[in-house]
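*Asks:* Input structure: start-v1.pdb, which contains PDB, C-alpha atoms.
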```
ATOM      1  CA  MET A 650     -18.206 -24.843   6.696
ATOM      2  CA  LYS A 651     -17.440 -21.722   4.698
ATOM      3  CA  LYS A 652     -15.690 -18.827   6.439
ATOM      4  CA  ASN A 653     -17.229 -15.361   6.336
ATOM      5  CA  ILE A 654     -14.682 -12.907   4.962
ATOM      6  CA  ALA A 655     -14.914  -9.131   5.320
ATOM      7  CA  VAL A 656     -13.188  -7.313   2.455
ATOM      8  CA  ILE A 657     -12.724  -3.915   4.033
ATOM      9  CA  ALA A 658     -12.644  -0.802   1.867
ATOM     10  CA  GLY A 659     -13.280   2.902   2.293
ATOM     11  CA  GLY A 660     -11.328   5.167   4.597
ATOM     12  CA  ASP A 661     -11.217   8.904   5.069
ATOM     13  CA  SER A 662      -8.666   9.976   2.494
ATOM     14  CA  SER A 663      -8.669  10.704  -1.232
ATOM     15  CA  GLU A 664      -7.605   7.103  -1.759
ATOM     16  CA  ILE A 665     -11.119   5.811  -1.054
ATOM     17  CA  ILE A 666     -11.647   5.597  -4.831
ATOM     18  CA  VAL A 667      -8.679   3.238  -5.206
ATOM     19  CA  SER A 668      -9.699   1.290  -2.094
ATOM     20  CA  LEU A 669     -13.131   0.496  -3.497
ATOM     21  CA  LYS A 670     -11.558  -0.764  -6.727
ATOM     22  CA  SER A 671      -9.130  -2.944  -4.759
ATOM     23  CA  ALA A 672     -12.004  -4.378  -2.718
ATOM     24  CA  ALA A 673     -13.839  -5.321  -5.890
ATOM     25  CA  GLY A 674     -10.673  -7.021  -7.108
ATOM     26  CA  ILE A 675     -10.182  -9.036  -3.913
ATOM     27  CA  TYR A 676     -13.879  -9.917  -3.824
ATOM     28  CA  SER A 677     -13.548 -11.354  -7.338
ATOM     29  CA  PHE A 678     -10.407 -13.332  -6.430
ATOM     30  CA  LEU A 679     -11.831 -15.147  -3.380
ATOM     31  CA  ASP A 680     -12.707 -18.838  -3.643
ATOM     32  CA  ARG A 681     -16.488 -19.176  -3.324
ATOM     33  CA  GLU A 682     -16.086 -22.866  -2.431
ATOM     34  CA  LYS A 683     -14.284 -21.853   0.772
ATOM     35  CA  TYR A 684     -15.564 -18.380   1.606
ATOM     36  CA  ASN A 685     -18.607 -16.143   1.852
ATOM     37  CA  PRO A 686     -17.119 -12.734   1.035
ATOM     38  CA  TYR A 687     -18.745  -9.408   1.895
ATOM     39  CA  ILE A 688     -17.470  -5.945   1.068
ATOM     40  CA  VAL A 689     -17.501  -3.750   4.169
ATOM     41  CA  ILE A 690     -17.177   0.002   3.650
ATOM     42  CA  ILE A 691     -15.756   1.940   6.593
ATOM     43  CA  THR A 692     -15.694   5.732   6.787
ATOM     44  CA  SER A 693     -15.927   8.169   9.676
ATOM     45  CA  GLN A 694     -19.655   8.515   8.890
ATOM     46  CA  ALA A 695     -20.680   4.850   8.760
ATOM     47  CA  TRP A 696     -19.575   1.201   8.848
ATOM     48  CA  GLU A 697     -21.718  -0.800   6.426
ATOM     49  CA  VAL A 698     -21.789  -4.291   4.930
ATOM     50  CA  MET A 699     -22.832  -4.610   1.312
ATOM     51  CA  ILE A 700     -25.241  -7.554   1.491
ATOM     52  CA  SER A 701     -26.193  -7.201  -2.161
ATOM     53  CA  GLU A 702     -25.927  -4.589  -4.879
ATOM     54  CA  ASN A 703     -28.934  -2.741  -3.492
ATOM     55  CA  GLU A 704     -28.894  -3.750   0.173
ATOM     56  CA  LYS A 705     -26.543  -2.836   3.003
ATOM     57  CA  ALA A 706     -26.539  -3.264   6.774
ATOM     58  CA  PRO A 707     -24.826  -1.397   9.604
ATOM     59  CA  VAL A 708     -21.885  -3.071  11.325
ATOM     60  CA  ASP A 709     -22.079  -3.545  15.091
ATOM     61  CA  LYS A 710     -18.787  -2.026  16.272
ATOM     62  CA  ASN A 711     -18.909  -4.092  19.468
ATOM     63  CA  ASP A 712     -18.172  -7.345  17.628
ATOM     64  CA  PHE A 713     -17.972  -6.399  13.920
ATOM     65  CA  GLY A 714     -21.110  -8.439  13.235
ATOM     66  CA  PHE A 715     -24.220  -7.501  11.282
ATOM     67  CA  LYS A 716     -27.777  -8.678  10.768
ATOM     68  CA  ALA A 717     -29.186 -10.113   7.542
ATOM     69  CA  ASP A 718     -32.593 -11.761   7.155
ATOM     70  CA  GLY A 719     -33.106 -11.437  10.891
ATOM     71  CA  LYS A 720     -29.936 -13.399  11.738
ATOM     72  CA  LYS A 721     -26.712 -12.171  13.287
ATOM     73  CA  ILE A 722     -23.629 -12.898  11.168
ATOM     74  CA  TRP A 723     -20.046 -12.675  12.370
ATOM     75  CA  PHE A 724     -16.851 -12.592  10.350
ATOM     76  CA  ASP A 725     -14.053 -15.121  10.605
ATOM     77  CA  PHE A 726     -11.431 -12.959   8.907
ATOM     78  CA  ALA A 727     -10.948  -9.367   7.743
ATOM     79  CA  TYR A 728      -9.023  -8.586   4.577
ATOM     80  CA  ILE A 729      -8.031  -4.927   4.884
ATOM     81  CA  THR A 730      -7.747  -3.002   1.638
ATOM     82  CA  ILE A 731      -8.180   0.572   2.846
ATOM     83  CA  HIS A 732      -5.412   2.696   1.314
ATOM     84  CA  GLY A 733      -4.844   5.417   3.902
ATOM     85  CA  THR A 734      -6.407   5.964   7.301
ATOM     86  CA  PRO A 735      -7.739   4.042   9.226
ATOM     87  CA  GLY A 736      -6.793   0.811   7.451
ATOM     88  CA  GLU A 737      -3.159   1.368   6.534
ATOM     89  CA  ASN A 738      -1.821   3.094   9.632
ATOM     90  CA  GLY A 739      -2.587   0.579  12.410
ATOM     91  CA  ILE A 740      -5.836   2.065  13.726
ATOM     92  CA  LEU A 741      -8.125  -0.610  12.296
ATOM     93  CA  GLN A 742      -5.577  -3.293  13.109
ATOM     94  CA  GLY A 743      -5.724  -2.214  16.763
ATOM     95  CA  TYR A 744      -9.512  -2.534  16.754
ATOM     96  CA  PHE A 745      -9.335  -6.057  15.332
ATOM     97  CA  GLU A 746      -6.719  -6.985  17.926
ATOM     98  CA  LEU A 747      -9.080  -5.811  20.668
ATOM     99  CA  ILE A 748     -12.061  -7.839  19.441
ATOM    100  CA  GLY A 749      -9.942 -10.852  18.494
ATOM    101  CA  LEU A 750     -10.694 -10.954  14.766
ATOM    102  CA  PRO A 751      -7.891 -12.279  12.491
ATOM    103  CA  TYR A 752      -6.937  -9.837   9.747
ATOM    104  CA  SER A 753      -4.637  -9.580   6.755
ATOM    105  CA  GLY A 754      -1.358  -7.761   6.679
ATOM    106  CA  CYS A 755       0.935  -6.151   9.208
ATOM    107  CA  ASN A 756       0.269  -5.554  12.895
ATOM    108  CA  VAL A 757      -0.358  -2.211  14.596
ATOM    109  CA  LEU A 758       3.289  -1.227  15.041
ATOM    110  CA  VAL A 759       4.486  -2.224  11.584
ATOM    111  CA  SER A 760       1.465  -0.602   9.906
ATOM    112  CA  GLY A 761       2.140   2.624  11.811
ATOM    113  CA  ILE A 762       5.816   2.657  10.830
ATOM    114  CA  THR A 763       5.326   1.839   7.149
ATOM    115  CA  PHE A 764       2.492   4.358   6.787
ATOM    116  CA  ASN A 765       4.899   7.127   7.793
ATOM    117  CA  LYS A 766       7.248   7.358   4.809
ATOM    118  CA  PHE A 767       9.848   9.522   6.554
ATOM    119  CA  ILE A 768      10.082   7.412   9.723
ATOM    120  CA  CYS A 769      10.123   4.152   7.767
ATOM    121  CA  ASN A 770      12.840   5.266   5.367
ATOM    122  CA  GLN A 771      14.989   6.736   8.144
ATOM    123  CA  LEU A 772      14.688   3.483  10.090
ATOM    124  CA  LEU A 773      15.666   1.386   7.076
ATOM    125  CA  LYS A 774      18.547   3.768   6.357
ATOM    126  CA  THR A 775      20.149   2.639   9.626
ATOM    127  CA  PHE A 776      20.186  -0.901   8.199
ATOM    128  CA  GLY A 777      22.074   0.252   5.107
ATOM    129  CA  VAL A 778      19.106   0.680   2.778
ATOM    130  CA  LYS A 779      19.738   3.602   0.420
ATOM    131  CA  VAL A 780      17.008   6.273   0.450
ATOM    132  CA  ALA A 781      16.558   9.818  -0.872
ATOM    133  CA  GLU A 782      17.603  12.806   1.191
ATOM    134  CA  ALA A 783      14.452  14.282   2.716
ATOM    135  CA  VAL A 784      13.062  16.942   5.031
ATOM    136  CA  LEU A 785       9.873  16.497   7.062
ATOM    137  CA  LEU A 786       7.501  19.391   7.708
ATOM    138  CA  ARG A 787       4.528  19.319  10.064
ATOM    139  CA  LYS A 788       1.388  21.456   9.857
ATOM    140  CA  GLY A 789       2.362  25.059  10.608
ATOM    141  CA  GLN A 790       5.950  24.601   9.460
ATOM    142  CA  SER A 791       7.301  25.770   6.131
ATOM    143  CA  MET A 792      10.454  26.171   4.068
ATOM    144  CA  THR A 793      11.370  28.829   1.580
ATOM    145  CA  GLY A 794      12.280  27.925  -1.946
ATOM    146  CA  ASP A 795      15.848  29.078  -1.245
ATOM    147  CA  ASP A 796      16.096  26.760   1.783
ATOM    148  CA  VAL A 797      14.867  23.824  -0.303
ATOM    149  CA  ALA A 798      17.469  24.657  -2.952
ATOM    150  CA  VAL A 799      20.244  24.457  -0.350
ATOM    151  CA  LYS A 800      19.039  21.457   1.695
ATOM    152  CA  ILE A 801      17.499  19.233  -0.979
ATOM    153  CA  GLY A 802      18.071  20.796  -4.386
ATOM    154  CA  PHE A 803      15.951  20.840  -7.540
ATOM    155  CA  PRO A 804      14.172  19.025  -8.951
ATOM    156  CA  CYS A 805      12.570  17.481  -5.872
ATOM    157  CA  PHE A 806       9.274  15.959  -4.838
ATOM    158  CA  VAL A 807       6.868  17.517  -2.355
ATOM    159  CA  LYS A 808       4.335  14.975  -1.130
ATOM    160  CA  PRO A 809       2.171  13.971   1.823
ATOM    161  CA  ASN A 810       4.166  11.930   4.322
ATOM    162  CA  THR A 811       1.238   9.649   5.090
ATOM    163  CA  GLY A 812      -0.607   9.225   1.824
ATOM    164  CA  GLY A 813      -0.501   7.246  -1.382
ATOM    165  CA  SER A 814      -1.728   6.927  -4.961
ATOM    166  CA  SER A 815       0.228  10.127  -5.748
ATOM    167  CA  PHE A 816      -2.484  12.376  -4.298
ATOM    168  CA  GLY A 817      -0.979  15.741  -3.372
ATOM    169  CA  VAL A 818       2.389  15.018  -5.025
ATOM    170  CA  THR A 819       4.257  17.661  -7.033
ATOM    171  CA  LYS A 820       7.540  17.474  -8.861
ATOM    172  CA  VAL A 821       9.109  20.844  -8.046
ATOM    173  CA  LYS A 822      11.713  22.253 -10.420
ATOM    174  CA  THR A 823      12.203  25.824  -9.190
ATOM    175  CA  ALA A 824      12.118  27.738  -5.920
ATOM    176  CA  ASP A 825       8.981  29.675  -6.841
ATOM    177  CA  GLN A 826       6.980  26.415  -7.099
ATOM    178  CA  VAL A 827       7.677  25.304  -3.525
ATOM    179  CA  GLN A 828       4.893  27.122  -1.654
ATOM    180  CA  SER A 829       2.062  26.007  -3.941
ATOM    181  CA  ALA A 830       3.406  22.430  -3.786
ATOM    182  CA  LEU A 831       3.449  22.562   0.020
ATOM    183  CA  GLU A 832      -0.154  23.821   0.089
ATOM    184  CA  LYS A 833      -1.235  20.980  -2.192
ATOM    185  CA  ALA A 834       0.500  18.338  -0.071
ATOM    186  CA  PHE A 835      -0.784  19.771   3.232
ATOM    187  CA  SER A 836      -4.326  19.561   1.846
ATOM    188  CA  GLU A 837      -3.898  15.765   1.947
ATOM    189  CA  ALA A 838      -1.985  15.257   5.220
ATOM    190  CA  ASP A 839      -0.670  17.002   8.331
ATOM    191  CA  GLU A 840       2.914  16.067   7.502
ATOM    192  CA  VAL A 841       4.729  16.758   4.249
ATOM    193  CA  LEU A 842       7.920  15.322   2.821
ATOM    194  CA  ILE A 843      10.349  17.275   0.647
ATOM    195  CA  GLU A 844      12.390  14.575  -1.032
ATOM    196  CA  ALA A 845      15.365  14.721  -3.368
ATOM    197  CA  PHE A 846      14.744  13.595  -6.934
ATOM    198  CA  MET A 847      16.306  10.233  -7.753
ATOM    199  CA  ASP A 848      16.965   9.794 -11.446
ATOM    200  CA  GLY A 849      16.602   6.304 -12.839
ATOM    201  CA  MET A 850      14.256   3.426 -13.626
ATOM    202  CA  GLU A 851      11.304   2.863 -11.301
ATOM    203  CA  VAL A 852      10.634  -0.756 -10.384
ATOM    204  CA  THR A 853       8.457  -2.526  -7.842
ATOM    205  CA  CYS A 854       8.541  -5.971  -6.265
ATOM    206  CA  GLY A 855       5.860  -7.749  -4.244
ATOM    207  CA  MET A 856       6.036 -10.709  -1.892
ATOM    208  CA  TYR A 857       4.156 -12.612   0.780
ATOM    209  CA  LYS A 858       4.954 -15.101   3.497
ATOM    210  CA  THR A 859       2.945 -17.707   5.333
ATOM    211  CA  ARG A 860       4.082 -20.203   7.934
ATOM    212  CA  GLN A 861       4.613 -22.724   5.137
ATOM    213  CA  LYS A 862       6.182 -20.668   2.354
ATOM    214  CA  GLU A 863       7.760 -17.473   1.128
ATOM    215  CA  ILE A 864       7.082 -16.130  -2.370
ATOM    216  CA  ILE A 865       8.947 -13.182  -3.883
ATOM    217  CA  PHE A 866       7.374 -12.100  -7.147
ATOM    218  CA  PRO A 867       9.016 -11.044 -10.421
ATOM    219  CA  VAL A 868      10.042  -7.389 -10.612
ATOM    220  CA  THR A 869       7.886  -4.913 -12.549
ATOM    221  CA  GLU A 870       9.375  -2.014 -14.508
ATOM    222  CA  VAL A 871       7.312   1.173 -14.530
ATOM    223  CA  VAL A 872       7.509   3.507 -17.526
ATOM    224  CA  SER A 873       5.316   6.574 -17.069
ATOM    225  CA  ASP A 874       4.040   8.583 -20.022
ATOM    226  CA  ASN A 875       3.929  11.553 -17.652
ATOM    227  CA  GLU A 876       6.792  13.293 -15.904
ATOM    228  CA  PHE A 877       6.538  10.878 -12.974
ATOM    229  CA  PHE A 878       4.324   7.995 -11.907
ATOM    230  CA  ASP A 879       1.391  10.204 -10.887
ATOM    231  CA  TYR A 880      -2.314   9.365 -10.422
ATOM    232  CA  ASP A 881      -3.087   9.459 -14.148
ATOM    233  CA  ALA A 882      -0.138   7.197 -14.884
ATOM    234  CA  LYS A 883      -1.218   4.763 -12.176
ATOM    235  CA  TYR A 884      -4.939   4.613 -12.816
ATOM    236  CA  LYS A 885      -5.696   6.117 -16.216
ATOM    237  CA  GLY A 886      -3.445   4.035 -18.412
ATOM    238  CA  LYS A 887      -0.720   6.614 -18.889
ATOM    239  CA  SER A 888       2.113   4.205 -18.183
ATOM    240  CA  GLN A 889       3.650   0.927 -19.232
ATOM    241  CA  GLU A 890       4.062  -1.732 -16.567
ATOM    242  CA  ILE A 891       6.451  -4.407 -17.762
ATOM    243  CA  THR A 892       6.680  -7.691 -15.856
ATOM    244  CA  PRO A 893       9.305  -9.071 -15.652
ATOM    245  CA  ALA A 894      11.377  -5.892 -15.780
ATOM    246  CA  ARG A 895      13.894  -5.437 -18.586
ATOM    247  CA  ILE A 896      16.897  -5.754 -16.294
ATOM    248  CA  SER A 897      19.595  -8.347 -15.754
ATOM    249  CA  LYS A 898      19.044 -11.528 -13.783
ATOM    250  CA  GLU A 899      21.669 -10.349 -11.283
ATOM    251  CA  LEU A 900      19.903  -7.022 -10.689
ATOM    252  CA  THR A 901      16.527  -8.764 -10.427
ATOM    253  CA  GLU A 902      17.898 -11.066  -7.731
ATOM    254  CA  ARG A 903      19.391  -8.115  -5.834
ATOM    255  CA  ILE A 904      16.002  -6.353  -5.832
ATOM    256  CA  GLN A 905      14.223  -9.506  -4.670
ATOM    257  CA  LYS A 906      16.763 -10.076  -1.879
ATOM    258  CA  LEU A 907      16.410  -6.466  -0.720
ATOM    259  CA  THR A 908      12.605  -6.784  -0.804
ATOM    260  CA  LYS A 909      12.836  -9.836   1.448
ATOM    261  CA  ALA A 910      15.333  -8.119   3.776
ATOM    262  CA  ILE A 911      13.096  -5.051   4.192
ATOM    263  CA  TYR A 912      10.068  -7.293   4.833
ATOM    264  CA  GLU A 913      11.968  -9.128   7.579
ATOM    265  CA  ILE A 914      13.608  -6.049   9.136
ATOM    266  CA  LEU A 915      10.198  -4.432   9.597
ATOM    267  CA  GLY A 916       8.433  -7.657  10.602
ATOM    268  CA  CYS A 917       5.842  -7.481   7.837
ATOM    269  CA  LYS A 918       3.053  -9.975   7.298
ATOM    270  CA  GLY A 919       0.910 -10.897   4.301
ATOM    271  CA  LEU A 920       1.266  -9.197   0.926
ATOM    272  CA  THR A 921       3.574  -6.208   0.532
ATOM    273  CA  ARG A 922       4.985  -4.289  -2.401
ATOM    274  CA  THR A 923       8.250  -2.345  -2.289
ATOM    275  CA  ASP A 924       9.068   0.409  -4.773
ATOM    276  CA  TYR A 925      12.570   1.400  -5.882
ATOM    277  CA  ILE A 926      14.563   3.613  -8.209
ATOM    278  CA  ILE A 927      17.450   1.953 -10.028
ATOM    279  CA  THR A 928      20.093   4.579 -10.768
ATOM    280  CA  GLU A 929      22.383   4.697 -13.782
ATOM    281  CA  ASN A 930      25.117   2.801 -11.916
ATOM    282  CA  SER A 931      22.627   0.042 -10.883
ATOM    283  CA  GLU A 932      22.307   1.314  -7.312
ATOM    284  CA  ILE A 933      18.979   0.281  -5.739
ATOM    285  CA  ARG A 934      17.307   3.128  -3.848
ATOM    286  CA  LEU A 935      14.135   2.660  -1.846
ATOM    287  CA  LEU A 936      11.091   4.787  -2.595
ATOM    288  CA  GLU A 937       8.620   3.227  -0.142
ATOM    289  CA  ILE A 938       7.025   0.027   1.078
ATOM    290  CA  ASN A 939       3.288  -0.513   0.688
ATOM    291  CA  THR A 940       1.645  -2.918   3.141
ATOM    292  CA  THR A 941      -1.844  -2.665   1.609
ATOM    293  CA  PRO A 942      -1.001  -2.664  -2.102
ATOM    294  CA  GLY A 943      -3.579  -2.060  -4.795
ATOM    295  CA  MET A 944      -5.473  -5.210  -5.750
ATOM    296  CA  THR A 945      -7.449  -4.419  -8.869
ATOM    297  CA  PRO A 946      -6.904  -6.958 -11.668
ATOM    298  CA  ALA A 947      -4.599  -4.404 -13.344
ATOM    299  CA  SER A 948      -2.590  -3.608 -10.189
ATOM    300  CA  PHE A 949       1.055  -4.590  -9.759
ATOM    301  CA  ILE A 950       0.517  -7.532  -7.393
ATOM    302  CA  PRO A 951      -1.965  -9.421  -9.625
ATOM    303  CA  GLN A 952       0.349  -8.756 -12.590
ATOM    304  CA  GLN A 953       3.321 -10.179 -10.694
ATOM    305  CA  VAL A 954       1.322 -13.159  -9.453
ATOM    306  CA  ARG A 955       0.403 -14.026 -13.048
ATOM    307  CA  ALA A 956       4.011 -13.558 -14.200
ATOM    308  CA  ALA A 957       5.129 -15.950 -11.452
ATOM    309  CA  GLY A 958       2.764 -18.584 -12.837
ATOM    310  CA  LEU A 959       0.564 -18.386  -9.758
ATOM    311  CA  ASN A 960      -3.151 -17.831  -9.275
ATOM    312  CA  MET A 961      -4.645 -14.922  -7.297
ATOM    313  CA  THR A 962      -7.399 -17.108  -5.863
ATOM    314  CA  ASN A 963      -4.825 -19.530  -4.442
ATOM    315  CA  VAL A 964      -2.650 -16.713  -3.093
ATOM    316  CA  MET A 965      -5.636 -15.154  -1.325
ATOM    317  CA  SER A 966      -6.605 -18.535   0.156
ATOM    318  CA  GLU A 967      -3.076 -19.146   1.436
ATOM    319  CA  ILE A 968      -2.971 -15.755   3.161
ATOM    320  CA  ILE A 969      -6.384 -16.234   4.772
ATOM    321  CA  GLU A 970      -5.784 -19.841   5.846
ATOM    322  CA  ASP A 971      -2.441 -18.870   7.383
ATOM    323  CA  ALA A 972      -4.390 -17.042  10.095
ATOM    324  CA  PHE A 973      -5.960 -20.353  11.128
ATOM    325  CA  THR A 974      -2.789 -22.460  10.985
ATOM    326  CA  ASP A 975      -1.249 -23.427  14.299
ATOM    327  CA  GLU A 976       2.278 -22.255  15.022
TER     328      GLU A 976
END
```
What would you get if you wrote out this structure as structure tokens?
*Replies:*
Amino acid sequence: MKKNIAVIAGGDSSEIIVSLKSAAGIYSFLDREKYNPYIVIITSQAWEVMISENEKAPVDKNDFGFKADGKKIWFDFAYITIHGTPGENGILQGYFELIGLPYSGCNVLVSGITFNKFICNQLLKTFGVKVAEAVLLRKGQSMTGDDVAVKIGFPCFVKPNTGGSSFGVTKVKTADQVQSALEKAFSEADEVLIEAFMDGMEVTCGMYKTRQKEIIFPVTEVVSDNEFFDYDAKYKGKSQEITPARISKELTERIQKLTKAIYEILGCKGLTRTDYIITENSEIRLLEINTTPGMTPASFIPQQVRAAGLNMTNVMSEIIEDAFTDE
């Protein structure tokens, strides 16, 4: 009997646009011989199942079921692809834990930690992972341009601490740009990170684990046409994404080993993608770990899956079926 799969998109951040594209990607990857997939859009205003292109139904929050053609339908598994709150920070994971519905990705604690860039990077720093120097500001706090010059230096990045897709991010080069950058970042989140600029090549590496196997993907090199890998570079074709990256075999293996180590230190589950800067002296510095990576056909993970000689449909099936495999 086919399993009913909820592909969950939406959220309450600017990343809803990316989330909907990822959901469409995952929906297209799922094996129709095994699964009945439905896209479920969750926002603070409504939880709705897309039954067809022109028909939707409200989700019963008591059991995450819905009605179609007069019948109640329940899901067997939830694939979370909300980038931002409430799907990336542990809130939705906690709900699924309460109602007993298996879901993709990390648990409540790990999702909460990885969503908070500052906390996650400071934690990993204690394990010897190299990260950028950073200062965290909360709503109501501020720093002068002169203070930033002393504590972090220029250029630096000002960005939301709990956001993604480069929304609200500014590369700040001078002290007089700090306040406008802080305002932009605070418009996206209640916490803002001022992070030292790390000069070098940007790369990213995805992986997933099931009870049966562990797959670490080839490394992708990111070459932005813009000053940094901003929204336009990510989603409007203003970048080159080269898989496998044009780096040595030895450096590739070091990145893959570090990706695995970070995954295991944090206790991740399912698909993750970890982003790095490789400095001139081949030092690997962590940017961030993404536990709900983009899943459009052009996103990094599908690119890396293809480069590894694997198939997205099979990868998705392995992740879903892992939830129903006995220990």
*Asks:* How would you write, as a list in words, the residues chosen by the PyMOL selection byres ((chain A and resi 732) around 6) on this structure?
*Replies:*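 When the PyMOL selection byres ((chain A and resi 732) around 6) is applied, the selected residues are Glu664, Ser668, Ile731, Gly733 and Glu737 of chain A.
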*Asks:* Any chance you could work out the residue set of the PyMOL selection byres ((chain A and resi 795-800) around 12) here, as a ChimeraX atom specification?
*Replies:* /A:782-786,791-794,801-807,821-828,831,842-845
*Asks:* Report the distance between CA of Thr869 in chain A and CA of Lys909 in chain A in Å, rounded to one decimal place.
*Replies:*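 Going from CA of Thr869 in chain A over to CA of Lys909 in chain A, I get 15.6 Å.
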*Asks:* Using Å and a single decimal, report how far CA of Ile740 in chain A sits from CA of Phe713 in chain A.
*Replies:*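 If I compute the distance from CA of Phe713 in chain A to CA of Ile740 in chain A, I get 14.8 Å.
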*Asks:* Please, what distance in Å, to one decimal, runs between CA of Ser760 in chain A and CA of Glu970 in chain A?
*Replies:*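 CA of Ser760 in chain A sits 21.0 Å away from CA of Glu970 in chain A.
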*Asks:* Dump as an MDAnalysis selection string all residues having an atom at most 12 Å from (2.9, 2.6, 20.4), computed in the file's coordinates with only C-alpha atoms.
*Replies:* chainID A and resid 738:740 743 756:762
*Asks:* Compare A:Gly943, A:Tyr925, A:Pro893, A:Gln771 by their minimum atom-to-atom distance to Gly958 in chain A, counting only C-alpha atoms, and give me the closest one.
*Replies:*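 Of the candidates, the smallest distance to Gly958 in chain A is held by A:Pro893.
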*Asks:* For the interface of range 917-965 of chain A with range 858-864 of chain A (cut-off 8 Å, counting all atoms listed in the file), please tabulate each contacting residue of range 917-965 of chain A alongside its nearest pair of atoms and their separation in Å to one decimal, rows sorted by chain and increasing number, as JSON lines.
*Replies:*
```
{"residue": "A:Lys918", "atom": "CA", "partner": "A:Lys858", "partner_atom": "CA", "distance": 6.7}
{"residue": "A:Gly919", "atom": "CA", "partner": "A:Lys858", "partner_atom": "CA", "distance": 5.9}
{"residue": "A:Leu920", "atom": "CA", "partner": "A:Lys858", "partner_atom": "CA", "distance": 7.4}
```
*Asks:* Tell me which protein, DNA and RNA residues are within 7 Å of Ile865 in chain A, counting all atoms listed in the file, leaving out same-chain ones fewer than 4 positions away, and put them as a list in words.
*Replies:*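 Result of the neighbour search: Gly855, Met856, Tyr857 and Gln905 of chain A.
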*Asks:* Quick check on the file I pasted: which residues fall under the PyMOL selection byres ((chain A and resi 650) around 12)? Write them as a ChimeraX atom specification.
*Replies:* /A:651-653,681-685,725
*Asks:* From the list A:Gly849, A:Pro946, A:Pro686, A:Gly754, which residue is nearest Val698 in chain A when using all atoms listed in the file?
*Replies:*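 The shortest atom-to-atom distance to Val698 in chain A comes from A:Pro686.
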*Asks:* Find the spatial neighbours of Ala727 in chain A, counting only C-alpha atoms, within a cut-off of 8 Å - ignore same-chain residues fewer than 2 positions away - and output them as an MDAnalysis selection string.
*Replies:* chainID A and resid 654:657 724:725 729 750:753
*Asks:* With a distance cut-off of 8 Å and only C-alpha atoms, select the neighbouring residues of Ser966 in chain A, excluding the residue or stretch itself and same-chain residues fewer than 4 positions from it, and output the selection as a list in words.
*Replies:*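 These residues fall inside the cut-off: Leu679, Asp680, Thr962 and Glu970 of chain A.
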*Asks:* Set the distance at 10 Å and use only C-alpha atoms: which residues neighbour Asp709 in chain A once local chain neighbours fewer than 4 positions away are removed? I'd like the list as a ChimeraX atom specification.
*Replies:* /A:696-697,713-716,721,723
*Asks:* Closest to Asp712 in chain A among A:Gly749, A:Ala830, A:Ser677, A:Val689, using all atoms listed in the file?
*Replies:*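 Nearest to Asp712 in chain A: A:Gly749.
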*Asks:* Calculated over all atoms listed in the file, which of the candidates A:Leu773, A:Met850, A:Ile968, A:Cys917 has the smallest distance to Glu929 in chain A?
*Replies:*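 Comparing A:Leu773, A:Met850, A:Ile968, A:Cys917 against Glu929 in chain A, the winner is A:Met850.
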*Asks:* Please determine, counting all atoms listed in the file, which residue among A:Ile688, A:Phe767, A:Thr734, A:Gln694 has the shortest atom-to-atom distance to Ile665 in chain A.
*Replies:*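 That would be A:Thr734, the residue with the smallest distance to Ile665 in chain A.
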*Asks:* With all atoms listed in the file as the basis for distance, which of A:Asn770, A:Phe973, A:Glu932, A:Ile675 is at the shortest distance from Met961 in chain A?
*Replies:*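 For Met961 in chain A, the nearest of the given residues is A:Ile675.
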*Asks:* Just want the 8 Å neighbourhood of range 835-837 of chain A, counted on only C-alpha atoms, with same-chain residues fewer than 2 positions away dropped. Output as an NGL selection string.
*Replies:* :A and (662-663 or 788 or 809 or 812 or 816-817 or 831-833 or 839-841)
*Asks:* Those residues you just picked out, can you put them in a file as a tab-separated table (two decimals), keeping the file's coordinate frame with C-alpha atoms?
*Replies:*
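Final file, selection-v4.tsv:
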```tsv
chain	number	residue	atom	x	y	z
A	662	SER	CA	-8.67	9.98	2.49
A	663	SER	CA	-8.67	10.70	-1.23
A	788	LYS	CA	1.39	21.46	9.86
A	809	PRO	CA	2.17	13.97	1.82
A	812	GLY	CA	-0.61	9.22	1.82
A	816	PHE	CA	-2.48	12.38	-4.30
A	817	GLY	CA	-0.98	15.74	-3.37
A	831	LEU	CA	3.45	22.56	0.02
A	832	GLU	CA	-0.15	23.82	0.09
A	833	LYS	CA	-1.24	20.98	-2.19
A	839	ASP	CA	-0.67	17.00	8.33
A	840	GLU	CA	2.91	16.07	7.50
A	841	VAL	CA	4.73	16.76	4.25
```
